[in-house]
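A.B. asks: One structure coming up, written as structure tokens, with questions to follow.
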Amino acid sequence: MATITAADVNKLRTITGAGMMDCKKALVEADGDFDLAIENLRKKGQKVAANRSDRESTEGAAIAVVNADKTSGVVITLNCETDFVGKNEGFVKLATDLANQALNFDTKEAFLASDFNGITVADKLIEQTGVIGEKIEIASFERLSGTFIGSYIHAGNKIATLVALSANVDGAEEASRNVAMQAAAMNPIALNESGVDAAIIEKEIEIAKDQLRAEGKPEAMLDNISKGKIQRFYKDNTLVNQDYIKDNSMSVANYIKSVDAGLVVTGFKRVALG
């Protein structure tokens with residue numbers, strides 16, 4: 001039987017992220033064969049993942065990262081089952097490392113199939129399911145590209161956002177972060193009026209008309225009054241039309257224009273846990 005040293009155990013732990021006792025047990029069972037020990041840990045993860053496949057994973061960490069030249073960003077959520085695990089420093093680091101890798105891929109599928117320290121991201125998630133004992137998955141994956149991308153991660157890593165601006169001007173870093181914070185706090189459904197699904201507007205119009213009928217308003221007035229209510233809906237639910245949270249005397253669009261007259265918000269992405 002091979003002699004298993006503390007250095008061997010620590011090496012396997014570094015490779016896999018598994019606990020010390022799990023690593024020692026895997027090495028003993030594999031008679032010191034590292035490849036076999038790693039395979040055994042993955043098989044354990046597969047078993048745990050299969051047993052917990054029907055569990056809800058609504059906790060975890062939401063992470064936003066942006067590339068060096070601020071032209072592309074990604075937001076992901078690494079989900080788990082409990083808030084205790086989601087707040088763990090090692091779990092948040094893994095989420096951040098995965099987000100930095102995700103920055104190199106256009107789709108969630110390509111990202112999950114990519115190499116992460118010798119195994120695919122998908123296999124890493126299975127491995128960590130075995131290590132942690134909870135269902136772990138990438139639930140959200142969103143990319144955003146533009147002339148200037150800013151990001152924001154809400155305290156506790158529960159919400160992460162990206163915002164694209166039309167130009168890299170003085171003040172773009174702070175402005176994009178402020179608007180990303182707006183998107184995190186106010187959860188807009190679209191960037192502007194054109195981004196709202198027509199079915200949503202039709203539904204809102206019907207709701208408005210039903211309310212007006214209940215108030216006794218004549219049928220001939222319903223179209224004009226409901227149009228006003230739809231404008232209010234846009235103001236409350238589209239990012240550039242919302243009141244700016246740091247100064248509600250202006251809209252987000254006007255705040256951005258105060259930074260630079262020609263500046264506009266061209267896109268955003270928001271992911272959240274729960």
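Chains: A, B, ... in order of the structure tokens. Residues: from 1 per chain. Ligands: from 1, in order shown.
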If you run DSSP over the backbone, which residues in stretch 15-215 of chain A end up helix (DSSP H, G or I)? Put them as a VMD selection string.
C.D. replies: chain A and resid 15 to 16 20 to 29 34 to 51 83 to 86 89 to 102 108 to 113 121 to 132 172 to 186 193 to 195 198 to 214
A.B. asks: When you look at stretch 271-273 of chain A with a cut-off of 12 Å (counting only C-alpha atoms), what residues show up, excluding the ones that are within fewer than 2 positions of it in the same chain? I need them as a VMD selection string.
C.D. replies: chain A and resid 56 to 64 74 to 83 86 138 to 143 151 to 162 180 183 to 185 187 to 189 268 to 269
A.B. asks: Which neighbours of A:Thr5 fall inside 10 Å, counting only C-alpha atoms, when residues of the same chain fewer than 5 positions from it are skipped, and could you give them as a PDB file with all heavy atoms, in the first residue's frame?
C.D. replies:
ATOM      1  N   ASN A  10      -2.678  17.529   0.371  1.00  0.00           N
ATOM      2  CA  ASN A  10      -2.803  18.954   0.077  1.00  0.00           C
ATOM      3  C   ASN A  10      -2.779  19.208  -1.429  1.00  0.00           C
ATOM      4  O   ASN A  10      -3.508  20.071  -1.938  1.00  0.00           O
ATOM      5  CB  ASN A  10      -1.687  19.736   0.764  1.00  0.00           C
ATOM      6  CG  ASN A  10      -1.910  21.236   0.701  1.00  0.00           C
ATOM      7  OD1 ASN A  10      -2.935  21.746   1.140  1.00  0.00           O
ATOM      8  ND2 ASN A  10      -0.954  21.954   0.140  1.00  0.00           N
ATOM      9  N   LYS A  11      -1.963  18.437  -2.148  1.00  0.00           N
ATOM     10  CA  LYS A  11      -1.896  18.577  -3.609  1.00  0.00           C
ATOM     11  C   LYS A  11      -3.243  18.245  -4.239  1.00  0.00           C
ATOM     12  O   LYS A  11      -3.737  18.971  -5.108  1.00  0.00           O
ATOM     13  CB  LYS A  11      -0.807  17.666  -4.166  1.00  0.00           C
ATOM     14  CG  LYS A  11      -0.681  17.718  -5.686  1.00  0.00           C
ATOM     15  CD  LYS A  11       0.406  16.762  -6.166  1.00  0.00           C
ATOM     16  CE  LYS A  11       0.481  16.740  -7.698  1.00  0.00           C
ATOM     17  NZ  LYS A  11       1.507  15.791  -8.182  1.00  0.00           N
ATOM     18  N   LYS A  24      -7.844  12.576   1.441  1.00  0.00           N
ATOM     19  CA  LYS A  24      -7.058  11.483   2.024  1.00  0.00           C
ATOM     20  C   LYS A  24      -7.726  10.135   1.732  1.00  0.00           C
ATOM     21  O   LYS A  24      -7.067   9.172   1.316  1.00  0.00           O
ATOM     22  CB  LYS A  24      -6.898  11.678   3.527  1.00  0.00           C
ATOM     23  CG  LYS A  24      -6.031  10.601   4.185  1.00  0.00           C
ATOM     24  CD  LYS A  24      -5.814  10.883   5.659  1.00  0.00           C
ATOM     25  CE  LYS A  24      -4.918   9.799   6.272  1.00  0.00           C
ATOM     26  NZ  LYS A  24      -4.673  10.046   7.720  1.00  0.00           N
ATOM     27  N   LEU A  27      -7.277   9.139  -1.921  1.00  0.00           N
ATOM     28  CA  LEU A  27      -5.916   8.675  -2.200  1.00  0.00           C
ATOM     29  C   LEU A  27      -5.665   7.283  -1.635  1.00  0.00           C
ATOM     30  O   LEU A  27      -5.006   6.458  -2.272  1.00  0.00           O
ATOM     31  CB  LEU A  27      -4.901   9.675  -1.639  1.00  0.00           C
ATOM     32  CG  LEU A  27      -4.699  10.951  -2.471  1.00  0.00           C
ATOM     33  CD1 LEU A  27      -3.939  12.001  -1.671  1.00  0.00           C
ATOM     34  CD2 LEU A  27      -3.949  10.629  -3.766  1.00  0.00           C
ATOM     35  N   GLY A  32      -2.715   5.782  -3.761  1.00  0.00           N
ATOM     36  CA  GLY A  32      -1.771   6.842  -4.099  1.00  0.00           C
ATOM     37  C   GLY A  32      -1.812   7.309  -5.535  1.00  0.00           C
ATOM     38  O   GLY A  32      -1.060   8.215  -5.920  1.00  0.00           O
TER      39      GLY A  32
END
A.B. asks: By how many Å are atom CA of A:Ser176 and atom CA of A:Glu193 apart?
C.D. replies: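 Separating atom CA of A:Ser176 from atom CA of A:Glu193 is a distance of 20.3 Å.
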A.B. asks: What's the 12 Å shell around A:Ser114, counting only C-alpha atoms, without same-chain residues fewer than 2 positions away, as a list in words?
C.D. replies: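 Near neighbours after the sequence-gap exclusion: Leu98, Gln101, Ala102, Leu103, Asn104, Phe105, Asp106, Thr107, Lys108, Glu109, Ala110, Phe111, Leu112, Phe116, Asn117, Gly118, Ile119, Thr120, Val121, Ala122, Asp123 and Lys124 of chain A.
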